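Notes for the one structure printed next.
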Amino acid sequence: MISRRPSIFIYTHEADADFLREIRAGIEEENVASEVFEKDGQDVDELAYDAAADSMMGSGIGISGEDVAMQMRGRRSGENVSRLHMPTYAQCRIIGSNSARVIKKQSLRDL
Amino acid sequence: MSIVAGVDIGNSTTEVCIGDYGQDRHVRFLSSASVKTTGTKGTLSNIHGILSALKEAMGRIGRDVSEIDLVRLNEAAPVIGDTAMETLTETIITDSSMIGHNPSTPAGAGQAAGELLSFDNLSRGQAGTPYIVFVDVQHGYDEVARRINEVAKSLQIVGIILQADEAVLVENRLDHKIPIVDEVKRIDKIPDGRMAAIEVALPGQFIRMLSNPYGIATLLHLNAEETKTVTPIARSLIGNRSAVVIKTPNGDVRENVLPAGDIFLQATHPTRIPLDEGADKIMQAVSDAGEIYDVTGQENTNVGNMLNRIRRGMSEVSGEADGEIHITDILAVDTLAPVLISGALAGETCLEKAVGIAAMVRTQQLPMRQIAAKLSETLSTRATVAGVEAVMASLGALTTPGTKLPLAILDMGGGSTDAAIIHENGTVDLTHQAGAGELVSMLIQTELGLENRYMAEQIKRYPLAKVESLFHMRMENGEMHFVQESLDPRFYGRVVLLTEAGLVRVEKDIPMERIREIRREAKRKVFLTNAKRALRTVAPDHNLKNISNVVLVGGSAADFEIPEMLMEEFTQYGIVCGRGNIRGTEGPRNAVATGLVLSYGGEMQ
């Protein structure tokens with residue numbers, strides 16, 4: 001399903017609930033909408049790549065278990081903007097914030 | 001035939017030119033090279049740089065350094081320059097009494113006044129009193145929103161100050177919308193129980209009440225005397241999206257004007273001029289003073305300290321005692337410096353008036369002969385010191401296609417701006433003025449509030465662009481540039497410098513237009529002022545209209561915009577002015593080294 005709503009897509013596969021919550025908080029603080037879709041694939045690179053490709057705004061996040069990756073449309077699969085295993089909550093917020101800042105054409109924060 | 005090498009040791013680069021004198025005594029230029037000067041100009045440590053430059057130049061034509069028959073060094077101008085900056089005004093807040101910053105995402109909009117109440121003491125609040133609640137980072141957005149919604153039934157909460165970056169998260173969960181300021185680092189400094197006013201601007205707008213002294217007076221019920229004392233606060237809050245002003249008992253905010261002091265010009269016509277008269281008045285005094293023997297400042301004042309600092313720095317470089325150092329020229333420039341307000345809670349800065357000064361000192365002759373002797377020993381060849389730098393530069397500049405005598409050159413380097421005019425009869429008039437590239441770097445660093453000089457130098461040197469997507473950027477001239485391969489996301493949304501080595505990002509979040517404006521203004525202030533000052537000194541009858549040709553040489557002539565600025569300026573005097581192109585191939589570099597090789601031919605005859 002491809003929604004036309006301008007939002008960040010988050011593709012998950014058995015995502016860590018705390019990571020997902022903190023990432024969404026990071027996005028919300030930037031005043032941007034996000035949508036979560038559970039997927040069958042486990043590869044976090046693919047999840048992030050597909051999320052960015054499908055998001056109307058070209059910004060996506062993949063979460064597979066405890067792996068988190070952020071992508072922008074136009075970059076190749078695996079060439080993530082950032083990818084972390086077991087991020088801290090603060091890092092989750094920054095990843096969320098960065099995916100929103102991509103849409104607002106603002107510079108990204110350092111992780 | 002004999003191979004002659006001209007070597008020019010500059011403050012920042014060492015340049016060589018290799019020429020071959022044939023049987024007919026005509027020179028053929030073979031090669032040239034430029035390397036970074038090793039050590040301070042005029043010291044023995046320059047040898048390393050000279051050797052590597054010679055090796056590079058000879059290597060280019062497949063020859064060895066041992067084939068050089070003669071090395072000619074420049075008689076370097078015995079002047080060194082230095083710069084210093086001092087702020088003239090200072091805003092001090094003795095008790096923490098304001099927050100004014102631009103968190104990227106404040107929430108709500110509007111203004112309110114109320115008593116400050118810590119989140120931990122919410123239960124102590126009393127009905128009927130308006131409160132502004134402040135919350136430290138320990139409390140998450142869920143908890144804050146839930147508690148505020150609870151107590152709002154009995155208490156009047158009019159605003160929230162957060163330490164964490166969660167203003168929008170809290171606002172989205174509140175039943176009643178109120179202004180929220182977040183990312184306040186020094187939340188521990190906020191005094192419980194004081195009156196405060198809070199304001200958040202609408203999206204795309206700036207605050208209006210708290211950047212207006214009468215607005216603060218209205219919200220905090222100030223009298224005329226108190227209103228006067230909050231004026232510096234209002235001024236420093238201009239242009240912010242959110243702010244908090246806290247009322248403190250005794251008007252603890254004051255604007256402190258440091259004693260700027262007087263500059264004493266010991267000259268043909270001795271003059272005394274107060275520093276805070278501004279750069280224009282100071283420069284007028286300098287030009288009216290005639291020949292300047294020394295410049296000093298009033299003891300224990302800003303300018304006194306500044307000139308002493310320069311004197312000390314110069315004595316370290318030249319190895320002469322402090323008392324022996326005579327400042328023979330200064331260039332003063334007005335500037336604004338963002339200075340951290342002491343006592344502010346979120347790292348706020350205030351633009352303070354400042355003045356930058358470049359000074360020039362005449363030293364004893366630099367020990368060039370020692371360098372020549374050492375070089376001769378190392379290379380087992382002849383090495384001599386030949387000719388005055390400015391004369392050599394003029395000779396070199398004359399190899400620029402389209403020039404003729406009389407010719408004026410403007411050599412804009414790092415420390416000083418030098419001008420020389422070579423007349424038809426071969427005589428040369430020359431002058432050295434304080435202030436050049438280093439002063440420009442200092443102005444850029446100061447006005448942009450950069451932490452290090454290196455970044456300021458990069459900004460001075462390269463044009464800017466803003467990366468607008470992974471596949472395109474907007475150049476500072478408005479042009480769009482598209483790339484095939486995705487750019488590194490680290491550059492996304494950033495202002496970058498277009499250097500030879502690729503993109504360099506400007507760490508500080510300053511709009512591209514502002515950086516460009518400051519860069520160009522700094523160059524104008526220093527180079528336009530100095531170019532006119534220097535040329536007027538050497539011009540016949542000190543009239544610029546008596547000069548027909550000006551060739552720009554030296555490091556700053558290679559700059560991407562300075563020559564054009566000067567060209568525009570000099571058009572009104574009917575002067576042909578442009579970047580030199582030494583030997584038609586070298587651009588504005590290598591003038592002195594080329595002159596050194598050429599003058600050998602003259603000496604033989």
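In the structure tokens, each chain is lettered A, B, ... as it comes, each chain's residues begin at 1, and ligands are numbered from 1 in order of appearance.
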
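With only C-alpha atoms taken into account, chain A has Glu28, Glu29, Glu30, Gly74, Arg75, Val81, Lys105, Gln106, Ser107 and Leu108 of chain A at most 7 Å from chain B.
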
Would you save the residues of that selection, restricted to C-alpha atoms, as a PDB file, in the first residue's frame?
ATOM      1  CA  GLU A  28       6.989  14.622  16.241  1.00  0.00           C
ATOM      2  CA  GLU A  29       9.186  17.243  17.933  1.00  0.00           C
ATOM      3  CA  GLU A  30      10.021  18.486  14.423  1.00  0.00           C
ATOM      4  CA  GLY A  74      18.353   8.671  -4.239  1.00  0.00           C
ATOM      5  CA  ARG A  75      20.926   6.772  -2.229  1.00  0.00           C
ATOM      6  CA  VAL A  81      22.546   8.044   5.954  1.00  0.00           C
ATOM      7  CA  LYS A 105      15.709  20.792   4.052  1.00  0.00           C
ATOM      8  CA  GLN A 106      17.592  21.499   7.259  1.00  0.00           C
ATOM      9  CA  SER A 107      21.075  20.257   8.062  1.00  0.00           C
ATOM     10  CA  LEU A 108      21.324  16.931   9.881  1.00  0.00           C
TER      11      LEU A 108
END

Go through region 17-207 of chain B and collect every residue that DSSP, computed from the backbone, puts in helix (DSSP H, G or I); the answer should be as a count of residues only.
44

Taking 2 positions as the minimum chain separation for residues in the same chain, which residues sit within 9 Å of Gly96 (chain A) when counting only C-alpha atoms? Answer as a PDB file with N, CA and C atoms, in the first residue's frame.
ATOM      1  N   GLU A  22      10.839   6.254  20.629  1.00  0.00           N
ATOM      2  CA  GLU A  22      11.765   7.396  20.701  1.00  0.00           C
ATOM      3  C   GLU A  22      11.997   8.011  19.318  1.00  0.00           C
ATOM      4  N   ILE A  23      12.080   7.171  18.311  1.00  0.00           N
ATOM      5  CA  ILE A  23      12.263   7.693  16.947  1.00  0.00           C
ATOM      6  C   ILE A  23      11.051   8.531  16.547  1.00  0.00           C
ATOM      7  N   ARG A  24       9.867   8.034  16.862  1.00  0.00           N
ATOM      8  CA  ARG A  24       8.657   8.786  16.498  1.00  0.00           C
ATOM      9  C   ARG A  24       8.563  10.091  17.282  1.00  0.00           C
ATOM     10  N   ALA A  25       9.049  10.073  18.533  1.00  0.00           N
ATOM     11  CA  ALA A  25       9.067  11.315  19.325  1.00  0.00           C
ATOM     12  C   ALA A  25       9.985  12.339  18.667  1.00  0.00           C
ATOM     13  N   GLY A  26      11.128  11.849  18.171  1.00  0.00           N
ATOM     14  CA  GLY A  26      12.067  12.747  17.481  1.00  0.00           C
ATOM     15  C   GLY A  26      11.425  13.389  16.262  1.00  0.00           C
ATOM     16  N   ILE A  27      10.629  12.600  15.547  1.00  0.00           N
ATOM     17  CA  ILE A  27       9.947  13.128  14.351  1.00  0.00           C
ATOM     18  C   ILE A  27       8.866  14.125  14.762  1.00  0.00           C
ATOM     19  N   GLU A  28       8.101  13.767  15.798  1.00  0.00           N
ATOM     20  CA  GLU A  28       6.989  14.622  16.241  1.00  0.00           C
ATOM     21  C   GLU A  28       7.486  15.981  16.721  1.00  0.00           C
ATOM     22  N   GLU A  29       8.639  15.980  17.435  1.00  0.00           N
ATOM     23  CA  GLU A  29       9.186  17.243  17.933  1.00  0.00           C
ATOM     24  C   GLU A  29       9.491  18.200  16.778  1.00  0.00           C
ATOM     25  N   GLU A  30       9.752  17.650  15.597  1.00  0.00           N
ATOM     26  CA  GLU A  30      10.021  18.486  14.423  1.00  0.00           C
ATOM     27  C   GLU A  30       8.730  18.830  13.669  1.00  0.00           C
ATOM     28  N   ILE A  61      12.795   5.249   7.388  1.00  0.00           N
ATOM     29  CA  ILE A  61      13.564   4.610   8.449  1.00  0.00           C
ATOM     30  C   ILE A  61      13.208   3.125   8.448  1.00  0.00           C
ATOM     31  N   MET A  70      18.571   4.795   8.679  1.00  0.00           N
ATOM     32  CA  MET A  70      17.829   5.918   8.110  1.00  0.00           C
ATOM     33  C   MET A  70      18.293   6.125   6.671  1.00  0.00           C
ATOM     34  N   GLN A  91      20.086   8.791  20.699  1.00  0.00           N
ATOM     35  CA  GLN A  91      20.400   8.589  19.279  1.00  0.00           C
ATOM     36  C   GLN A  91      19.128   8.337  18.467  1.00  0.00           C
ATOM     37  N   CYS A  92      18.162   7.607  19.074  1.00  0.00           N
ATOM     38  CA  CYS A  92      16.888   7.379  18.395  1.00  0.00           C
ATOM     39  C   CYS A  92      16.192   8.701  18.097  1.00  0.00           C
ATOM     40  N   ARG A  93      16.204   9.602  19.084  1.00  0.00           N
ATOM     41  CA  ARG A  93      15.578  10.916  18.885  1.00  0.00           C
ATOM     42  C   ARG A  93      16.242  11.651  17.730  1.00  0.00           C
ATOM     43  N   ILE A  94      17.577  11.583  17.680  1.00  0.00           N
ATOM     44  CA  ILE A  94      18.299  12.302  16.626  1.00  0.00           C
ATOM     45  C   ILE A  94      17.984  11.694  15.261  1.00  0.00           C
ATOM     46  N   ASN A  98      16.453  13.800  12.431  1.00  0.00           N
ATOM     47  CA  ASN A  98      17.135  13.941  11.137  1.00  0.00           C
ATOM     48  C   ASN A  98      16.230  13.563   9.970  1.00  0.00           C
ATOM     49  N   SER A  99      15.445  12.499  10.141  1.00  0.00           N
ATOM     50  CA  SER A  99      14.585  12.088   9.024  1.00  0.00           C
ATOM     51  C   SER A  99      13.552  13.178   8.741  1.00  0.00           C
ATOM     52  N   ALA A 100      13.165  13.915   9.792  1.00  0.00           N
ATOM     53  CA  ALA A 100      12.239  15.031   9.595  1.00  0.00           C
ATOM     54  C   ALA A 100      12.958  16.236   9.004  1.00  0.00           C
ATOM     55  N   ARG A 101      14.190  16.452   9.435  1.00  0.00           N
ATOM     56  CA  ARG A 101      14.953  17.609   8.939  1.00  0.00           C
ATOM     57  C   ARG A 101      15.266  17.459   7.449  1.00  0.00           C
TER      58      ARG A 101
END

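For the pair CA of Lys39 (chain A) and CA of Ile63 (chain A), the interatomic distance is 9.9 Å.
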
Taking 6 positions as the minimum chain separation for residues in the same chain, which residues sit within 8 Å of region 512-522 of chain B when counting only C-alpha atoms? Answer as an NGL selection string.
:B and (440 or 443-444 or 447-448 or 459-460 or 464-466 or 476 or 495)

Considering only strand (DSSP E) as DSSP defines it on the backbone, what residues of region 352-574 of chain B qualify? List them as a ChimeraX atom specification.
/B:352-362,382-388,407-412,416-422,428-434,464-469,472-475,480-482,495-499,502-505,549-553

Quick one: residues within 12 Å of Arg241 (chain B), only C-alpha atoms counted, chain neighbours fewer than 4 positions away excluded, as a VMD selection string?
chain B and resid 99 to 111 179 to 182 198 to 211 237

Store the residues picked out above in a file with C-alpha atoms, as a PDB file, in the first residue's frame.
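So the final result, stored in again_24.pdb, reads:
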ATOM      1  CA  ILE B  99      16.804  33.724  28.052  1.00  0.00           C
ATOM      2  CA  GLY B 100      16.622  34.631  24.433  1.00  0.00           C
ATOM      3  CA  HIS B 101      17.461  32.036  21.873  1.00  0.00           C
ATOM      4  CA  ASN B 102      16.292  30.226  18.796  1.00  0.00           C
ATOM      5  CA  PRO B 103      15.550  26.627  19.688  1.00  0.00           C
ATOM      6  CA  SER B 104      14.761  24.936  16.383  1.00  0.00           C
ATOM      7  CA  THR B 105      11.296  23.953  17.590  1.00  0.00           C
ATOM      8  CA  PRO B 106       9.625  26.089  20.288  1.00  0.00           C
ATOM      9  CA  ALA B 107       5.902  25.515  20.615  1.00  0.00           C
ATOM     10  CA  GLY B 108       2.712  27.471  21.035  1.00  0.00           C
ATOM     11  CA  ALA B 109       2.638  31.146  20.333  1.00  0.00           C
ATOM     12  CA  GLY B 110       1.892  34.313  22.252  1.00  0.00           C
ATOM     13  CA  GLN B 111       3.188  35.990  25.373  1.00  0.00           C
ATOM     14  CA  PRO B 179       3.843  29.311  24.903  1.00  0.00           C
ATOM     15  CA  ILE B 180       6.679  26.816  25.541  1.00  0.00           C
ATOM     16  CA  VAL B 181      10.426  27.570  25.266  1.00  0.00           C
ATOM     17  CA  ASP B 182      12.780  24.569  25.193  1.00  0.00           C
ATOM     18  CA  ILE B 198       7.648  34.532  28.216  1.00  0.00           C
ATOM     19  CA  GLU B 199       7.093  34.958  24.494  1.00  0.00           C
ATOM     20  CA  VAL B 200       7.056  32.620  21.509  1.00  0.00           C
ATOM     21  CA  ALA B 201       6.632  34.094  18.044  1.00  0.00           C
ATOM     22  CA  LEU B 202       4.306  32.764  15.360  1.00  0.00           C
ATOM     23  CA  PRO B 203       6.015  30.603  12.726  1.00  0.00           C
ATOM     24  CA  GLY B 204       8.099  32.737  10.396  1.00  0.00           C
ATOM     25  CA  GLN B 205       8.029  35.720  12.736  1.00  0.00           C
ATOM     26  CA  PHE B 206      10.199  37.175  15.468  1.00  0.00           C
ATOM     27  CA  ILE B 207       9.209  38.074  19.017  1.00  0.00           C
ATOM     28  CA  ARG B 208       7.753  41.579  19.432  1.00  0.00           C
ATOM     29  CA  MET B 209       6.976  42.215  23.092  1.00  0.00           C
ATOM     30  CA  LEU B 210      10.232  41.156  24.732  1.00  0.00           C
ATOM     31  CA  SER B 211      12.434  42.800  22.117  1.00  0.00           C
ATOM     32  CA  LEU B 237      16.564  39.734  22.056  1.00  0.00           C
TER      33      LEU B 237
END

Tell me which protein, DNA and RNA residues are within 12 Å of Ser123 (chain B), counting only C-alpha atoms, leaving out same-chain ones fewer than 3 positions away, and put them as a VMD selection string.
chain B and resid 117 to 120 126 to 127 133 147 to 148 150 to 152 154 to 155

Could those residues be written to a file, using C-alpha atoms, as a CSV table (one decimal), in the first residue's frame?
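Writing done, so here's again32.csv:
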chain,number,residue,atom,x,y,z
B,117,LEU,CA,7.4,27.8,39.6
B,118,SER,CA,9.6,24.7,39.5
B,119,PHE,CA,7.9,21.6,38.2
B,120,ASP,CA,9.0,19.8,41.4
B,126,GLN,CA,-1.8,28.7,44.7
B,127,ALA,CA,-5.0,29.4,42.8
B,133,VAL,CA,6.6,26.4,35.1
B,147,ARG,CA,0.8,16.8,35.4
B,148,ILE,CA,0.2,20.1,33.7
B,150,GLU,CA,-4.0,17.8,36.0
B,151,VAL,CA,-3.0,21.0,37.8
B,152,ALA,CA,-4.4,23.3,35.1
B,154,SER,CA,-7.0,24.4,39.8
B,155,LEU,CA,-3.9,26.5,38.8

Which residue out of B:Thr268, B:Thr13, B:Asn308, B:Thr335 has the minimum interatomic distance to Gly290 (chain B) when only C-alpha atoms are used?
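That would be B:Thr268, the residue with the smallest distance to Gly290 (chain B).
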
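The shell of residues at most 9 Å from Glu46 (chain A), with only C-alpha atoms counted and near chain neighbours (fewer than 3 positions) removed, consists of Gly41, Gln42, Asp43, Tyr49, Asp50, Ala51, Gly62, Ser77 and Gly78 of chain A.
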
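The smallest atom-to-atom distance between Ala52 (chain A) and any of A:Met72, A:Ala90, A:Val36, A:Ile103, using only C-alpha atoms, is found for A:Met72.
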
Give the answer as one residue: which of A:Leu111, A:Asp54, A:Leu84, A:Leu47 has the shortest atom-to-atom distance to Glu66 (chain A), using only C-alpha atoms?
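Comparing A:Leu111, A:Asp54, A:Leu84, A:Leu47 against Glu66 (chain A), the winner is A:Leu84.
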
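As for CA of Gly426 (chain B) and CA of Ala390 (chain B), they are spaced 12.9 Å apart.
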